[in-house]
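Trainee: To start, I am sharing the structure in question, which I have written as structure tokens.
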Amino acid sequence: MSATAATYDSRHPLLTAIVLALLAAALNIGLWWGGNYPHGPDDWHGKISGFAVSFFQRYQSPFKQSYPSDEEITADLKLLHRYTDHIRTYTMQQNPQVYRLAQQQGLKVMAGAEIDKRLENNEREIELLIAKARAYPDTITRVIVGNEVLFRNDLTPEQMMAYLDRVRAAVRQPVSIAEPDYIWLKYPELAQHVDYITIHLFPFWNGVVRHNAVDAAYGAYTSIVQRFPGKPVVVGEIGWPSNGDRHEYADPSTSNEAIFVRDWMNKAKAAHIDYYLLEAFDQPWKENLGEGRTGAYWGMFNADRQLKFPLTGPVVEDTAWPWKALAASLLALLPMILFARRFSRFKLVGRFFFCALIQLACGLIVWAATLPFNFYLSWVDWTMLTLLFPAQIAILAILLINGFEFTEVLWRPTWMRHAGMLKPDHPDRQPFVSIHLACYNEPPEMVIVTLDSLAALDYANYEVLVIDNNTKDPAVWQPVQEYCEKLGKRFRFFHLEPWPGYKAGALNFGLKETAPEADVVAVIDADYEVRADWLATLTGYFHDPKVAVVQCPQAHREFEHNAFRRMTAWEYDGFFRIGMHHRNERNAIIQHGTMTMVRRSALEGTGGWSEWTICEDAELGLRLMHAGYDLVYVDELMGKGLTPADFKAYKSQRYRWAFGAMQILKGRWNWMTQKGPLSAGQRFHFLTGWFSWFADALHLIFTLMALFWTAGMVAFPQYFSLPMQLFLIPVIGFFFAKAIFGIVLYRARVPCGWRDTLMASLASMGLSHAIARGILHGLTREKTSFVVTAKSRRLGGSNFAAFAPVREELLMALALILCIAGMALSFGTRYIEGTLWMIILAAQSIPYVSAVIGAWIAHRSGDKAG
């Protein structure tokens, strides 16, 4: 460790680590406490005026023809009688035994007949209502003919008034119809056909914020009383849901339900209002009745008949929060201590930041694992949860990996493994370098520029092998051969046709032709111009026998005045300024196939270039690490090449890298997962370094699932419900966190302005689909074609043809835009889950839209230079 780094170490690193971990744990507990801050509505004492009740148990439903037994209804009635003397029912044909059982328990019933468009069913309901009212005159004290029939437009007011008159003539009990308050104002003639007015008051469905809801309900009640001064007014339904979908400003939660209900009951008691709370018990089967998920959560008791909130004392949103907070803190405690102790060289703020990130991840895991049990989930929901929960764990893992890079880059005192240029050796001490330049169908004028730069090297002991493999047209390769002859015996040209193994095959051929005295093999691409001091200032590292590789950044030229080449050049630069330094700290850099030098004995001793993977350079670097060698990274621009010519070439190159990475991952899996020559840091980087690319693959899979689910919600809302916040919040948080990490690191490490930073981000995001395809194909296939990245512009094509390289991305973007439009038309902004889902769809579209924009920029750039 350097002296600078030591100044940030604590004299007691373990104690400091424990303190930091405990501070992060305390912050976690504070956040849980803040989210469950006790609320204190006025206490409620005495009997509740009444309950609207459905007796279906948790897993019962009228849709499944599954009804409660006498024993279950009796148990419910006994429970309710502890809180009230009055209940309200809605239908006569379901559970007709309720009235007999209510009589046995001494409860009074406001009995309701179910009236709708089914006229024959209406007759049966009315006949049974009349019969039960006559049979139980002391139990059935009020009668309701129809529940929100006019609100649903099932029948006309005239039809309902005829039903009301008929029932009033047949029973002794007072008769009414139950409708929202505005229906009575719309059809005031209804009052002439009832004995009392029954109104439903739902400030929640009016989108009223909870703290104004009781006043809103009371205002609606008094307006009805004033409009119909001669009629008694009963509030047939009033309540607040404890869970489900937010509606405008109305937020469903246990504490909001508790506060609303307790405040309303006290208000109603003072004003002598007769009311029935909706409802006694949560009814999970109501979730798909047009109210969204909220319909299942209006009970004062949950579906397991447990009281959701106390009627006296403060109200807490989640009574189990202390255990959840403790579990999250304990889950994170050891990882936080280990991190803060292991990386005590980081600045204090960096250590605390990452400890807080670990704690946040563990808190989200506990939250995500426990939240589903607050809902009445269907098998579809559980299936979705089962599929997406591992993805959420993967998202958190990727976030932590990105966060570790973020922390180390921003808050390390200095790079521990920093390497720079060395003083040139005397020619007598210079290692002999064999420079290998593999070509395939490259424009000869481009290769000649590279050869000129090699001829100008300020180095005595080197040779250049130009290996052209499988170029068919002699007009392409023969000018290069002739130019090599002009440059002298130091330059040797080989034309191979046919030749297997792609670039690795050509390089292996070159290895056999290398001069016997060569100590180092250097590799560059055919489009690179190298600095004259490249070899002179770097080959000195090979005097250390442990060093096998000296790698310089992959840099670019001639991009400043071309919009497409400029955005891609800065996109490449980000990895070499950020990621390579981060990996270099643990001797785990990715070796690149250009601007690299390799110790010849190490290269030959470990098997040469691997022809089984299309990323032979990265595989060689890993193999040399496995053999115990060091790899040196020098962040100095010793050579510059050309960026890909167009978006097709840009995508093709990144697809090849992603596919090759998966070949390496599969081929060297044991090296990376089992303890061996590779250090823990090397295994970490080669396992997790590609996680961001896995995130692109997850992005594609999630997008396809989102398209399917959205189509289902729009076309078949009865089967496909809005995803819970459980699925949505971590995904949205990941998008924002990843974007923030990337932009902050770019601004800190990459020497470009804000515009170039944003354009580089656009270029990076535009590669997401190509990377995803490369990852998925690499995991499921053994081989793919090696496509050489075109560096000279392919001219021609209409504006429409500009989008040919991004056909799939364009279709995905259009599909997502259509889904957002469909969601907006079907759900609007009524539900917070719907709004969050549209935000996610919009975020999902960003990579695909970026690819389309990138392809258009590439087409319009007009790069004639090649």
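Naming scheme: A, B, ... for chains in displayed order of the structure tokens; residues 1 onward per chain; ligands 1 onward as shown.
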Residues near Arg11 of chain A, anyone? I mean within 12 Å using only C-alpha atoms, not counting same-chain ones fewer than 6 positions away, as a list in words.

Mentor: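 With the cut-off at 12 Å, the set is Ala17, Arg341, Ser344 and Arg345 of chain A.
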
Trainee: What lies within 7 Å of Cys552 of chain A using only C-alpha atoms, ignoring chain neighbours under 6 positions off, as a PyMOL selection string?

Mentor: chain A and resi 595-596+633-638

Trainee: A:Leu698, A:Met110, A:Ala563, A:Ala763: which is nearest Ala52 of chain A, counting only C-alpha atoms?

Mentor: A:Met110

Trainee: What lies within 9 Å of segment 176-193 of chain A using only C-alpha atoms, ignoring chain neighbours under 6 positions off, as a ChimeraX atom specification?

Mentor: /A:112,142-151,157-158,160-162,164-165,168,199-202,220-221,223-224,227-228,231,235-237

Trainee: Work out how far apart atom CA of Thr294 of chain A and atom CA of Trp837 of chain A are and give it in Å to one decimal.

Mentor: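 Computing the Euclidean distance for atom CA of Thr294 of chain A and atom CA of Trp837 of chain A yields 16.7 Å.
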
Trainee: My list of candidates is A:Lys269, A:Arg600, A:His81, A:Arg417. Which is closest to Asn584 of chain A when distances are computed with only C-alpha atoms?

Mentor: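 Closest residue, counting only C-alpha atoms: A:Arg417.
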
Trainee: Identify, with DSSP run on backbone atoms, the residues in segment 143-269 of chain A assigned to helix (DSSP H, G or I), and express the list as a count of residues only.

Mentor: 60

Trainee: Show me, as a PyMOL selection string, the residues that have an atom within 10 Å of His86 of chain A when counting only C-alpha atoms, minus same-chain residues fewer than 6 positions from it.

Mentor: chain A and resi 47-52+80+102+106-110+139-141+275-276

Trainee: What is the distance, in Å and to one decimal place, between atom CA of Trp33 of chain A and atom CA of Ile259 of chain A?

Mentor: 18.5 Å

Trainee: Identify, on the basis of only C-alpha atoms, every residue whose closest approach to segment 430-435 of chain A does not exceed 7 Å; exclude the query and any residue fewer than 3 positions from it along the same chain; express the result as a list in words.

Mentor: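 What passes the distance filter is Asp425, His426, Pro427, Asn461, Tyr462, Glu463, Val464, Leu465, Thr514, Glu517, Ala518, Asp519, Val520, Val521, Ala522, Val523 and Thr539 of chain A.
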
Trainee: Write the residues of the preceding selection, restricted to all heavy atoms, as a compact mmCIF listing (two decimals), in the first residue's frame.

Mentor:
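Result file part_15.txt:
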```txt
# COMPACT_ATOMS: atom_id res chain seq x y z
N ASP A 425 15.23 1.78 -22.51
CA ASP A 425 16.45 1.00 -22.31
C ASP A 425 17.47 1.33 -23.40
O ASP A 425 17.15 1.79 -24.50
CB ASP A 425 16.14 -0.50 -22.40
CG ASP A 425 15.41 -1.00 -21.17
OD1 ASP A 425 15.66 -0.47 -20.08
OD2 ASP A 425 14.57 -1.92 -21.31
N HIS A 426 18.72 1.07 -23.07
CA HIS A 426 19.77 1.11 -24.10
C HIS A 426 19.47 -0.02 -25.10
O HIS A 426 18.98 -1.09 -24.70
CB HIS A 426 21.14 0.89 -23.45
CG HIS A 426 22.28 1.07 -24.40
ND1 HIS A 426 22.73 0.06 -25.22
CD2 HIS A 426 23.07 2.16 -24.65
CE1 HIS A 426 23.73 0.51 -25.96
NE2 HIS A 426 23.97 1.79 -25.62
N PRO A 427 19.71 0.17 -26.36
CA PRO A 427 19.41 -0.88 -27.36
C PRO A 427 19.95 -2.26 -26.99
O PRO A 427 19.34 -3.28 -27.33
CB PRO A 427 20.07 -0.34 -28.64
CG PRO A 427 20.01 1.15 -28.47
CD PRO A 427 20.22 1.39 -27.00
N ASN A 461 15.18 -3.09 -31.83
CA ASN A 461 15.05 -4.54 -31.95
C ASN A 461 13.58 -4.97 -32.13
O ASN A 461 12.90 -5.28 -31.16
CB ASN A 461 15.64 -5.23 -30.71
CG ASN A 461 17.09 -4.85 -30.49
OD1 ASN A 461 17.87 -4.80 -31.44
ND2 ASN A 461 17.46 -4.56 -29.24
N TYR A 462 13.12 -4.98 -33.35
CA TYR A 462 11.75 -5.44 -33.60
C TYR A 462 11.60 -5.88 -35.04
O TYR A 462 12.42 -5.54 -35.92
CB TYR A 462 10.74 -4.35 -33.26
CG TYR A 462 10.63 -3.21 -34.25
CD1 TYR A 462 9.61 -3.19 -35.20
CD2 TYR A 462 11.54 -2.14 -34.22
CE1 TYR A 462 9.50 -2.14 -36.11
CE2 TYR A 462 11.43 -1.09 -35.12
CZ TYR A 462 10.41 -1.08 -36.06
OH TYR A 462 10.30 -0.05 -36.95
N GLU A 463 10.54 -6.65 -35.26
CA GLU A 463 10.13 -7.05 -36.60
C GLU A 463 8.62 -6.89 -36.68
O GLU A 463 7.93 -6.78 -35.66
CB GLU A 463 10.51 -8.50 -36.88
CG GLU A 463 9.77 -9.51 -36.00
CD GLU A 463 10.00 -10.96 -36.39
OE1 GLU A 463 10.70 -11.20 -37.39
OE2 GLU A 463 9.46 -11.85 -35.70
N VAL A 464 8.11 -6.85 -37.91
CA VAL A 464 6.67 -6.73 -38.14
C VAL A 464 6.23 -7.86 -39.05
O VAL A 464 6.76 -8.00 -40.17
CB VAL A 464 6.30 -5.37 -38.75
CG1 VAL A 464 4.80 -5.31 -39.02
CG2 VAL A 464 6.74 -4.24 -37.84
N LEU A 465 5.26 -8.66 -38.58
CA LEU A 465 4.67 -9.73 -39.39
C LEU A 465 3.26 -9.32 -39.75
O LEU A 465 2.41 -9.13 -38.87
CB LEU A 465 4.64 -11.06 -38.62
CG LEU A 465 5.92 -11.93 -38.64
CD1 LEU A 465 7.11 -11.17 -38.07
CD2 LEU A 465 5.68 -13.22 -37.86
N THR A 514 7.62 -16.32 -36.01
CA THR A 514 8.31 -15.29 -35.25
C THR A 514 9.81 -15.57 -35.18
O THR A 514 10.25 -16.72 -35.06
CB THR A 514 7.72 -15.22 -33.82
OG1 THR A 514 6.36 -14.84 -33.92
CG2 THR A 514 8.46 -14.20 -32.96
N GLU A 517 14.85 -15.00 -31.90
CA GLU A 517 15.36 -14.15 -30.83
C GLU A 517 14.29 -13.30 -30.16
O GLU A 517 14.58 -12.58 -29.20
CB GLU A 517 16.48 -13.24 -31.35
CG GLU A 517 16.02 -12.21 -32.35
CD GLU A 517 16.08 -12.70 -33.80
OE1 GLU A 517 15.97 -13.95 -34.01
OE2 GLU A 517 16.24 -11.87 -34.70
N ALA A 518 13.05 -13.36 -30.65
CA ALA A 518 11.99 -12.50 -30.11
C ALA A 518 11.64 -12.90 -28.69
O ALA A 518 11.40 -14.07 -28.39
CB ALA A 518 10.75 -12.56 -30.99
N ASP A 519 11.60 -11.91 -27.79
CA ASP A 519 11.19 -12.12 -26.40
C ASP A 519 9.72 -11.74 -26.17
O ASP A 519 9.07 -12.26 -25.26
CB ASP A 519 12.04 -11.26 -25.46
CG ASP A 519 13.52 -11.54 -25.61
OD1 ASP A 519 13.92 -12.69 -25.38
OD2 ASP A 519 14.26 -10.61 -25.97
N VAL A 520 9.23 -10.80 -26.97
CA VAL A 520 7.89 -10.23 -26.77
C VAL A 520 7.14 -10.26 -28.09
O VAL A 520 7.72 -9.98 -29.15
CB VAL A 520 7.99 -8.77 -26.25
CG1 VAL A 520 6.59 -8.13 -26.15
CG2 VAL A 520 8.69 -8.72 -24.90
N VAL A 521 5.84 -10.62 -28.01
CA VAL A 521 4.96 -10.56 -29.17
C VAL A 521 3.97 -9.40 -28.93
O VAL A 521 3.30 -9.38 -27.89
CB VAL A 521 4.19 -11.87 -29.38
CG1 VAL A 521 3.14 -11.72 -30.48
CG2 VAL A 521 5.15 -13.00 -29.72
N ALA A 522 3.95 -8.45 -29.85
CA ALA A 522 3.01 -7.33 -29.75
C ALA A 522 1.96 -7.47 -30.83
O ALA A 522 2.25 -7.94 -31.94
CB ALA A 522 3.75 -6.00 -29.91
N VAL A 523 0.73 -7.10 -30.51
CA VAL A 523 -0.38 -7.24 -31.46
C VAL A 523 -1.08 -5.90 -31.58
O VAL A 523 -1.39 -5.25 -30.56
CB VAL A 523 -1.38 -8.32 -31.00
CG1 VAL A 523 -2.53 -8.44 -32.00
CG2 VAL A 523 -0.68 -9.66 -30.83
N THR A 539 8.62 -1.66 -22.96
CA THR A 539 9.17 -3.02 -22.92
C THR A 539 10.02 -3.26 -21.68
O THR A 539 10.29 -4.42 -21.32
CB THR A 539 10.02 -3.28 -24.18
OG1 THR A 539 11.00 -2.24 -24.33
CG2 THR A 539 9.15 -3.36 -25.41
```

Trainee: Asn469 of chain A: which residues within 9 Å, counting only C-alpha atoms, same-chain residues fewer than 6 positions away excluded, as a list in words?

Mentor: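 Final neighbour list, sorted by chain and number: Ala438, Cys439, Tyr440, Asn441, Phe494, His495, Leu496, Glu497, Pro498, Trp499, Pro500, Tyr502, Lys503, Gly505 and Ala506 of chain A.
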
Trainee: DSSP on the backbone: which residues in segment 66-253 of chain A end up as strand (DSSP E or B)? Give the answer as a VMD selection string.

Mentor: chain A and resid 66 84 86 to 88 108 to 113 140 to 147 175 to 180 197 to 201 233 to 238 247 250

Trainee: Atom CA of Ala618 of chain A and atom CA of Trp690 of chain A, how far apart in Å?

Mentor: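 Taking atom CA of Trp690 of chain A and atom CA of Ala618 of chain A, their separation equals 12.2 Å.
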
Trainee: Using only C-alpha atoms for the distances, tell me which of A:His699, A:Lys651, A:Arg246, A:Arg566 is nearest to Gln844 of chain A.

Mentor: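 Once distances to Gln844 of chain A are computed over only C-alpha atoms, the minimum belongs to A:His699.
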
Trainee: So which one's closest to Trp534 of chain A, A:Arg134, A:His561, A:Lys347, A:Lys640? Using only C-alpha atoms, please.

Mentor: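 When distances to Trp534 of chain A are compared using only C-alpha atoms, the smallest one comes from A:Lys640.
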